[in-house]
>>> print(open('upload20.txt').read())   # compact mmCIF, C-alpha atoms and all ligand atoms
# COMPACT_ATOMS: atom_id res chain seq x y z
CA MET G 665 22.01 -40.74 64.01
CA ARG G 666 19.98 -38.08 62.22
CA GLN G 667 17.68 -36.38 64.70
CA ARG G 668 14.61 -34.48 63.58
CA ASN G 669 12.95 -32.02 65.86
CA LYS G 670 9.75 -33.64 67.13
CA PRO G 671 7.65 -31.04 68.96
CA TRP G 672 5.26 -33.79 70.16
CA ALA G 673 8.05 -35.79 71.82
CA ASP G 674 7.63 -34.24 75.31
CA ASP G 675 3.91 -35.01 75.39
CA PHE G 676 4.55 -38.51 74.07
CA LEU G 677 7.12 -39.18 76.81
CA LYS G 678 4.70 -37.98 79.47
CA GLU G 679 1.84 -40.09 78.16
CA ASN G 680 4.02 -43.21 78.05
CA GLU G 681 5.90 -42.94 81.34
CA HIS G 682 5.08 -46.57 82.11
CA PHE G 683 7.21 -47.61 79.12
CA ILE G 684 9.81 -44.83 78.77
CA ILE G 685 10.47 -44.61 82.46
CA ALA G 686 10.40 -40.97 83.56
CA ASP G 687 12.38 -41.21 86.83
CA PRO G 688 14.43 -44.39 86.38
CA GLN G 689 16.62 -43.62 89.41
CA LEU G 690 13.57 -44.42 91.59
CA ASN G 691 13.85 -48.03 90.39
CA LYS G 692 17.53 -48.45 91.17
CA GLY G 693 17.97 -51.91 92.69
CA SER G 694 14.35 -52.93 91.99
CA TRP G 695 14.11 -53.36 88.23
CA SER G 696 13.09 -56.99 88.69
CA GLU G 697 10.04 -55.78 90.60
CA VAL G 698 9.22 -53.37 87.79
CA PHE G 699 9.28 -56.26 85.30
CA GLY G 700 7.47 -58.50 87.78
CA ASN G 701 9.91 -61.40 87.48
CA SER G 702 13.48 -62.35 88.32
CA ASN G 703 14.69 -62.89 84.74
CA PRO G 704 18.14 -61.55 83.87
CA ILE G 705 18.31 -57.93 82.71
CA TYR G 706 20.23 -56.92 79.57
CA VAL G 707 20.88 -53.25 78.86
CA GLU G 708 21.58 -51.69 75.47
CA ILE G 709 23.23 -48.29 75.54
CA GLY G 710 22.48 -46.03 72.58
CA THR G 711 19.39 -47.95 71.52
CA GLY G 712 18.66 -45.71 68.55
CA LYS G 713 15.40 -46.57 66.81
CA GLY G 714 15.02 -49.85 68.68
CA GLN G 715 15.44 -52.54 66.03
CA PHE G 716 18.03 -54.51 68.00
CA ILE G 717 16.29 -54.45 71.35
CA ALA G 718 12.95 -55.38 69.77
CA GLY G 719 14.58 -58.29 67.93
CA MET G 720 16.30 -59.47 71.10
CA ALA G 721 13.11 -59.24 73.15
CA GLU G 722 11.31 -61.41 70.64
CA LYS G 723 14.15 -63.93 70.47
CA TYR G 724 14.67 -64.14 74.24
CA PRO G 725 11.29 -63.82 75.98
CA ASP G 726 12.86 -64.96 79.29
CA VAL G 727 15.21 -61.98 79.41
CA ASN G 728 14.26 -58.44 80.38
CA PHE G 729 15.67 -55.67 78.17
CA ILE G 730 16.23 -52.01 78.96
CA GLY G 731 17.24 -49.58 76.23
CA VAL G 732 19.06 -46.41 77.29
CA GLU G 733 19.01 -43.66 74.67
CA LEU G 734 20.09 -40.07 75.06
CA ALA G 735 18.21 -38.50 72.15
CA LYS G 736 14.55 -37.79 72.83
CA SER G 737 13.69 -37.52 69.15
CA VAL G 738 15.15 -40.99 68.53
CA ILE G 739 13.78 -42.83 71.56
CA VAL G 740 10.22 -41.84 70.72
CA THR G 741 10.60 -43.60 67.37
CA ALA G 742 11.89 -46.71 69.14
CA ALA G 743 9.00 -46.53 71.59
CA GLN G 744 6.38 -46.22 68.85
CA LYS G 745 7.81 -49.24 67.08
CA ILE G 746 8.03 -51.41 70.20
CA MET G 747 4.59 -50.40 71.48
CA GLU G 748 3.07 -51.88 68.32
CA THR G 749 4.29 -55.27 69.54
CA ASP G 750 3.03 -57.13 72.60
CA TYR G 751 6.42 -57.73 74.20
CA ASP G 752 6.29 -57.27 77.95
CA ASN G 753 10.04 -57.64 78.44
CA ILE G 754 11.29 -54.23 77.23
CA LEU G 755 11.51 -50.84 78.91
CA LEU G 756 13.18 -47.67 77.67
CA ILE G 757 15.05 -44.91 79.46
CA ASN G 758 15.74 -41.48 77.96
CA LYS G 759 19.02 -40.76 79.74
CA ASP G 760 22.72 -40.31 79.14
CA ALA G 761 24.94 -43.33 79.87
CA GLU G 762 26.74 -40.97 82.27
CA ASP G 763 23.81 -41.61 84.64
CA LEU G 764 24.01 -45.41 84.67
CA LYS G 765 25.10 -45.68 88.29
CA ASN G 766 22.15 -43.56 89.44
CA ILE G 767 19.79 -45.89 87.59
CA PHE G 768 21.16 -49.37 88.29
CA ALA G 769 22.49 -50.90 91.50
CA MET G 770 25.72 -52.85 91.79
CA ASP G 771 25.47 -56.24 90.04
CA GLU G 772 21.92 -55.61 88.84
CA ILE G 773 22.63 -56.21 85.14
CA SER G 774 23.63 -59.44 83.32
CA GLN G 775 24.78 -58.08 79.95
CA ILE G 776 25.48 -54.73 78.36
CA TYR G 777 25.34 -54.09 74.61
CA LEU G 778 27.02 -51.23 72.80
CA ASN G 779 25.94 -51.18 69.16
CA PHE G 780 27.53 -48.86 66.64
CA SER G 781 28.36 -46.29 69.27
CA ASP G 782 29.28 -42.82 68.03
CA PRO G 783 33.01 -42.98 67.20
CA TRP G 784 34.04 -39.47 68.27
CA PRO G 785 37.18 -39.71 66.11
CA LYS G 786 38.89 -36.56 67.36
CA ASN G 787 41.28 -37.23 70.20
CA ARG G 788 39.96 -34.25 72.15
CA HIS G 789 36.52 -35.95 72.24
CA LYS G 790 37.72 -39.38 73.35
CA LYS G 791 36.08 -39.00 76.78
CA ARG G 792 32.70 -39.17 75.02
CA ARG G 793 33.38 -42.61 73.50
CA LEU G 794 31.23 -45.18 75.25
CA THR G 795 34.30 -47.40 75.61
CA PHE G 796 36.35 -44.71 77.41
CA HIS G 797 37.54 -45.94 80.81
CA THR G 798 35.12 -43.74 82.79
CA PHE G 799 32.22 -45.58 81.12
CA LEU G 800 33.91 -48.96 81.65
CA GLU G 801 33.98 -48.23 85.40
CA LYS G 802 30.21 -47.76 85.36
CA TYR G 803 29.61 -50.94 83.34
CA ARG G 804 31.85 -52.93 85.70
CA ASP G 805 29.92 -51.76 88.74
CA ILE G 806 26.42 -52.47 87.47
CA LEU G 807 27.31 -55.79 85.79
CA GLN G 808 27.11 -59.05 87.71
CA LYS G 809 30.20 -61.22 88.00
CA ASN G 810 30.77 -62.92 84.62
CA GLY G 811 28.41 -60.41 83.00
CA GLU G 812 29.48 -59.50 79.48
CA LEU G 813 30.00 -56.30 77.57
CA ILE G 814 29.18 -56.95 73.92
CA PHE G 815 30.30 -54.33 71.44
CA LYS G 816 29.62 -54.16 67.70
CA THR G 817 30.77 -51.53 65.25
CA ASP G 818 31.72 -50.96 61.64
CA ASN G 819 34.28 -48.37 62.68
CA ARG G 820 37.76 -49.84 62.68
CA GLY G 821 39.32 -46.90 64.51
CA LEU G 822 36.80 -47.13 67.34
CA PHE G 823 37.17 -50.90 67.46
CA GLU G 824 40.97 -50.71 67.79
CA TYR G 825 40.71 -47.95 70.39
CA SER G 826 38.16 -49.98 72.36
CA LEU G 827 40.21 -53.18 72.39
CA VAL G 828 43.10 -51.23 73.91
CA SER G 829 40.76 -49.51 76.36
CA PHE G 830 39.32 -52.90 77.49
CA SER G 831 42.78 -54.35 77.80
CA GLU G 832 44.16 -51.39 79.77
CA PHE G 833 41.17 -51.72 82.10
CA GLY G 834 42.14 -55.36 82.77
CA MET G 835 39.14 -56.86 81.02
CA THR G 836 39.15 -60.35 79.53
CA LEU G 837 38.44 -60.52 75.81
CA LYS G 838 36.31 -63.58 75.17
CA GLU G 839 35.76 -62.97 71.47
CA VAL G 840 37.32 -60.59 68.94
CA ASN G 841 35.58 -61.00 65.60
CA LEU G 842 36.93 -59.03 62.64
CA ASP G 843 34.17 -60.00 60.22
CA LEU G 844 31.02 -60.94 62.08
CA HIS G 845 28.95 -61.57 58.97
CA ALA G 846 31.49 -64.03 57.60
CA ILE G 847 30.39 -66.50 60.26
CA ASP G 848 26.96 -68.00 60.60
CA ASP G 849 25.86 -66.75 64.01
CA PRO G 850 22.15 -67.42 64.45
CA GLY G 851 22.31 -65.46 67.72
CA ASN G 852 23.22 -62.21 65.99
CA VAL G 853 20.39 -59.68 65.86
CA MET G 854 21.11 -56.87 63.42
CA THR G 855 20.78 -53.21 64.36
CA GLU G 856 19.69 -50.45 61.97
CA TYR G 857 23.26 -49.31 61.48
CA GLU G 858 24.48 -52.86 61.04
CA GLU G 859 22.01 -53.42 58.21
CA LYS G 860 22.89 -50.12 56.59
CA PHE G 861 26.66 -50.51 56.73
CA SER G 862 26.83 -54.19 55.88
CA ALA G 863 24.60 -53.56 52.83
CA LYS G 864 27.33 -51.16 51.69
CA GLY G 865 29.87 -53.95 52.02
CA GLN G 866 31.46 -52.75 55.25
CA VAL G 867 32.88 -55.28 57.63
CA ILE G 868 31.24 -55.57 61.07
CA TYR G 869 33.44 -56.07 64.13
CA ARG G 870 32.34 -57.61 67.42
CA CYS G 871 34.04 -58.00 70.78
CA ARG G 872 32.66 -59.84 73.81
CA SER G 873 34.48 -59.09 77.03
CA GLU G 874 34.09 -59.34 80.76
CA PHE G 875 35.53 -57.58 83.79
N1 LIG T 901 22.48 -48.70 68.27
C1 LIG T 901 21.81 -48.17 67.09
C2 LIG T 901 22.21 -48.96 65.88
O1 LIG T 901 23.19 -49.72 65.95
O2 LIG T 901 21.55 -48.86 64.85
C3 LIG T 901 22.09 -46.66 66.94
C4 LIG T 901 23.50 -46.28 66.67
S1 LIG T 901 23.73 -44.51 66.64
C5 LIG T 901 25.21 -44.31 65.75
C6 LIG T 901 24.29 -44.19 68.30
C7 LIG T 901 23.14 -43.90 69.27
O3 LIG T 901 23.70 -43.77 70.58
C8 LIG T 901 22.40 -42.60 68.97
O4 LIG T 901 21.01 -42.83 68.96
C9 LIG T 901 22.81 -41.68 70.13
O5 LIG T 901 21.81 -40.74 70.46
C10 LIG T 901 23.07 -42.68 71.24
N2 LIG T 901 24.01 -42.20 72.27
C11 LIG T 901 25.19 -41.57 72.05
N3 LIG T 901 25.79 -41.27 73.20
C12 LIG T 901 24.99 -41.72 74.19
C13 LIG T 901 25.05 -41.69 75.61
N4 LIG T 901 26.09 -41.12 76.23
N5 LIG T 901 24.05 -42.25 76.32
C14 LIG T 901 22.97 -42.80 75.69
N6 LIG T 901 22.85 -42.85 74.33
C15 LIG T 901 23.84 -42.33 73.60
>>> encode(input="upload20.txt", output="structure tokens")
Amino acid sequence: MRQRNKPWADDFLKENEHFIIADPQLNKGSWSEVFGNSNPIYVEIGTGKGQFIAGMAEKYPDVNFIGVELAKSVIVTAAQKIMETDYDNILLINKDAEDLKNIFAMDEISQIYLNFSDPWPKNRHKKRRLTFHTFLEKYRDILQKNGELIFKTDNRGLFEYSLVSFSEFGMTLKEVNLDLHAIDDPGNVMTEYEEKFSAKGQVIYRCRSEF
């Protein structure tokens, strides 16, 4: 994702700490209290500019959503967009997915979404792929039993790599879809990248799996 330098981003993050949670590790194990209800919590990792999470929050008002996004210059755009709405079921966290286990307790999360994760095509960078086994360990620990990992991408190489990674980790593949837009799935909420790539005629892949 293209990242522009935004000199105002630090001030914006400070002013909106109630929404882009400044010290999320303080809420480990008590996210339900932060939301003020016991609804299930879905996490999107690599939220980008927030289109998906905003669409999901509107569609599923009885679910709490947390978007984790590494890039400060991107998460502020997501925050601006979401703050224009009146959804009270979204929070954002400006952290690396590496930190997930410091932020969420065991079994605290019901679903995890990976949307159009950076492919890191070079083999020497494979540890950075969000479907590398070190990340899968973190997802497994924070997900409840029967919680799902839902992964969408247009990148065939990353999709193939990820299916093998899930399988080697002993995960159960509940859906492997090689052309998501060829089916009529009213539950599918499009991300920014999904719109961009599918408009260019690229196929979108989706896998739903559980640990
Ligand atoms: N999910 C959005 C979409 O589908 O339109 C954005 C996709 S963009 C290619 C990938 C996003 O993941 C970027 O915003 C990037 O900063 C974020 N990202 C990459 N690695 C991450 C990590 N380790 N932890 C959190 N976010 C990460």
>>> closest_atom_pairs(input="upload20.txt", of="chain G", to="ligand LIG 901 (chain T)", cutoff="10 Å", atoms="only C-alpha atoms and all ligand atoms", output="JSON lines")
{"residue": "G:Met665", "atom": "CA", "partner": "T:LIG901", "partner_atom": "S1", "distance": 4.9}
{"residue": "G:Arg666", "atom": "CA", "partner": "T:LIG901", "partner_atom": "O4", "distance": 8.3}
{"residue": "G:Gln667", "atom": "CA", "partner": "T:LIG901", "partner_atom": "O5", "distance": 8.3}
{"residue": "G:Glu708", "atom": "CA", "partner": "T:LIG901", "partner_atom": "N1", "distance": 7.8}
{"residue": "G:Ile709", "atom": "CA", "partner": "T:LIG901", "partner_atom": "C14", "distance": 5.5}
{"residue": "G:Gly710", "atom": "CA", "partner": "T:LIG901", "partner_atom": "O3", "distance": 3.3}
{"residue": "G:Thr711", "atom": "CA", "partner": "T:LIG901", "partner_atom": "N1", "distance": 4.5}
{"residue": "G:Gly712", "atom": "CA", "partner": "T:LIG901", "partner_atom": "O4", "distance": 3.7}
{"residue": "G:Lys713", "atom": "CA", "partner": "T:LIG901", "partner_atom": "C1", "distance": 6.6}
{"residue": "G:Gly714", "atom": "CA", "partner": "T:LIG901", "partner_atom": "C1", "distance": 7.2}
{"residue": "G:Gln715", "atom": "CA", "partner": "T:LIG901", "partner_atom": "O2", "distance": 7.2}
{"residue": "G:Phe716", "atom": "CA", "partner": "T:LIG901", "partner_atom": "C2", "distance": 7.3}
{"residue": "G:Ile717", "atom": "CA", "partner": "T:LIG901", "partner_atom": "N1", "distance": 9.0}
{"residue": "G:Gly731", "atom": "CA", "partner": "T:LIG901", "partner_atom": "C14", "distance": 8.9}
{"residue": "G:Val732", "atom": "CA", "partner": "T:LIG901", "partner_atom": "C14", "distance": 5.6}
{"residue": "G:Glu733", "atom": "CA", "partner": "T:LIG901", "partner_atom": "N6", "distance": 3.9}
{"residue": "G:Leu734", "atom": "CA", "partner": "T:LIG901", "partner_atom": "N6", "distance": 4.0}
{"residue": "G:Ala735", "atom": "CA", "partner": "T:LIG901", "partner_atom": "O5", "distance": 4.6}
{"residue": "G:Lys736", "atom": "CA", "partner": "T:LIG901", "partner_atom": "O5", "distance": 8.2}
{"residue": "G:Ser737", "atom": "CA", "partner": "T:LIG901", "partner_atom": "O5", "distance": 8.8}
{"residue": "G:Val738", "atom": "CA", "partner": "T:LIG901", "partner_atom": "O4", "distance": 6.2}
{"residue": "G:Ile739", "atom": "CA", "partner": "T:LIG901", "partner_atom": "O4", "distance": 7.7}
{"residue": "G:Ala742", "atom": "CA", "partner": "T:LIG901", "partner_atom": "O4", "distance": 9.9}
{"residue": "G:Ile757", "atom": "CA", "partner": "T:LIG901", "partner_atom": "C14", "distance": 9.0}
{"residue": "G:Asn758", "atom": "CA", "partner": "T:LIG901", "partner_atom": "C14", "distance": 7.7}
{"residue": "G:Lys759", "atom": "CA", "partner": "T:LIG901", "partner_atom": "C14", "distance": 6.0}
{"residue": "G:Asp760", "atom": "CA", "partner": "T:LIG901", "partner_atom": "N5", "distance": 3.7}
{"residue": "G:Ala761", "atom": "CA", "partner": "T:LIG901", "partner_atom": "N5", "distance": 3.8}
{"residue": "G:Glu762", "atom": "CA", "partner": "T:LIG901", "partner_atom": "N4", "distance": 6.1}
{"residue": "G:Asp763", "atom": "CA", "partner": "T:LIG901", "partner_atom": "N5", "distance": 8.3}
{"residue": "G:Leu764", "atom": "CA", "partner": "T:LIG901", "partner_atom": "N5", "distance": 8.9}
{"residue": "G:Tyr777", "atom": "CA", "partner": "T:LIG901", "partner_atom": "N1", "distance": 8.8}
{"residue": "G:Leu778", "atom": "CA", "partner": "T:LIG901", "partner_atom": "N1", "distance": 6.9}
{"residue": "G:Asn779", "atom": "CA", "partner": "T:LIG901", "partner_atom": "N1", "distance": 4.3}
{"residue": "G:Phe780", "atom": "CA", "partner": "T:LIG901", "partner_atom": "O1", "distance": 4.5}
{"residue": "G:Ser781", "atom": "CA", "partner": "T:LIG901", "partner_atom": "C6", "distance": 4.7}
{"residue": "G:Asp782", "atom": "CA", "partner": "T:LIG901", "partner_atom": "C5", "distance": 4.9}
{"residue": "G:Pro783", "atom": "CA", "partner": "T:LIG901", "partner_atom": "C5", "distance": 8.0}
{"residue": "G:Trp784", "atom": "CA", "partner": "T:LIG901", "partner_atom": "N3", "distance": 9.8}
{"residue": "G:Arg792", "atom": "CA", "partner": "T:LIG901", "partner_atom": "N4", "distance": 7.0}
{"residue": "G:Arg793", "atom": "CA", "partner": "T:LIG901", "partner_atom": "N3", "distance": 7.7}
{"residue": "G:Leu794", "atom": "CA", "partner": "T:LIG901", "partner_atom": "N4", "distance": 6.6}
{"residue": "G:Phe799", "atom": "CA", "partner": "T:LIG901", "partner_atom": "N4", "distance": 9.0}
{"residue": "G:Lys816", "atom": "CA", "partner": "T:LIG901", "partner_atom": "O1", "distance": 8.0}
{"residue": "G:Thr817", "atom": "CA", "partner": "T:LIG901", "partner_atom": "O1", "distance": 7.8}
{"residue": "G:Asp818", "atom": "CA", "partner": "T:LIG901", "partner_atom": "O1", "distance": 9.6}
{"residue": "G:Met854", "atom": "CA", "partner": "T:LIG901", "partner_atom": "O1", "distance": 7.9}
{"residue": "G:Thr855", "atom": "CA", "partner": "T:LIG901", "partner_atom": "O2", "distance": 4.4}
{"residue": "G:Glu856", "atom": "CA", "partner": "T:LIG901", "partner_atom": "O2", "distance": 3.8}
{"residue": "G:Tyr857", "atom": "CA", "partner": "T:LIG901", "partner_atom": "O2", "distance": 3.8}
{"residue": "G:Glu858", "atom": "CA", "partner": "T:LIG901", "partner_atom": "O1", "distance": 6.0}
{"residue": "G:Glu859", "atom": "CA", "partner": "T:LIG901", "partner_atom": "O2", "distance": 8.1}
{"residue": "G:Lys860", "atom": "CA", "partner": "T:LIG901", "partner_atom": "O2", "distance": 8.5}
{"residue": "G:Phe861", "atom": "CA", "partner": "T:LIG901", "partner_atom": "O2", "distance": 9.7}
>>> atom_distance(input="upload20.txt", atom1="CA of Gly834 (chain G)", atom2="CA of Ile776 (chain G)")
17.2 Å
>>> closest_residue(input="upload20.txt", among="G:Ser702, G:Thr749, G:Asn680, G:Asn819", to="Asp843 (chain G)", atoms="all atoms listed in the file")
G:Asn819
>>> closest_residue(input="upload20.txt", among="G:Ile754, G:Ala686, G:Ala718, G:Ile814", to="Phe830 (chain G)", atoms="only C-alpha atoms")
G:Ile814
>>> atom_distance(input="upload20.txt", atom1="CA of Asp771 (chain G)", atom2="CA of Leu813 (chain G)")
13.3 Å
>>> closest_residue(input="upload20.txt", among="G:Gln808, G:Asn766, G:Asn753, G:Thr836", to="Asn703 (chain G)", atoms="all atoms listed in the file")
G:Asn753
>>> atom_distance(input="upload20.txt", atom1="CA of Ser831 (chain G)", atom2="CA of Gln866 (chain G)")
25.3 Å
>>> closest_residue(input="upload20.txt", among="G:Phe823, G:Thr741, G:Arg870, G:Val707", to="Asp849 (chain G)", atoms="only C-alpha atoms")
G:Arg870
>>> residues_near_point(input="upload20.txt", point="(34.8, -61.1, 64.6)", cutoff="7 Å", atoms="all atoms listed in the file", output="MDAnalysis selection string")
chainID G and resid 840:844 869:871
>>> closest_residue(input="upload20.txt", among="G:Gln775, G:Asp752, G:Asn787, G:Ile705", to="Ile730 (chain G)", atoms="only C-alpha atoms")
G:Ile705
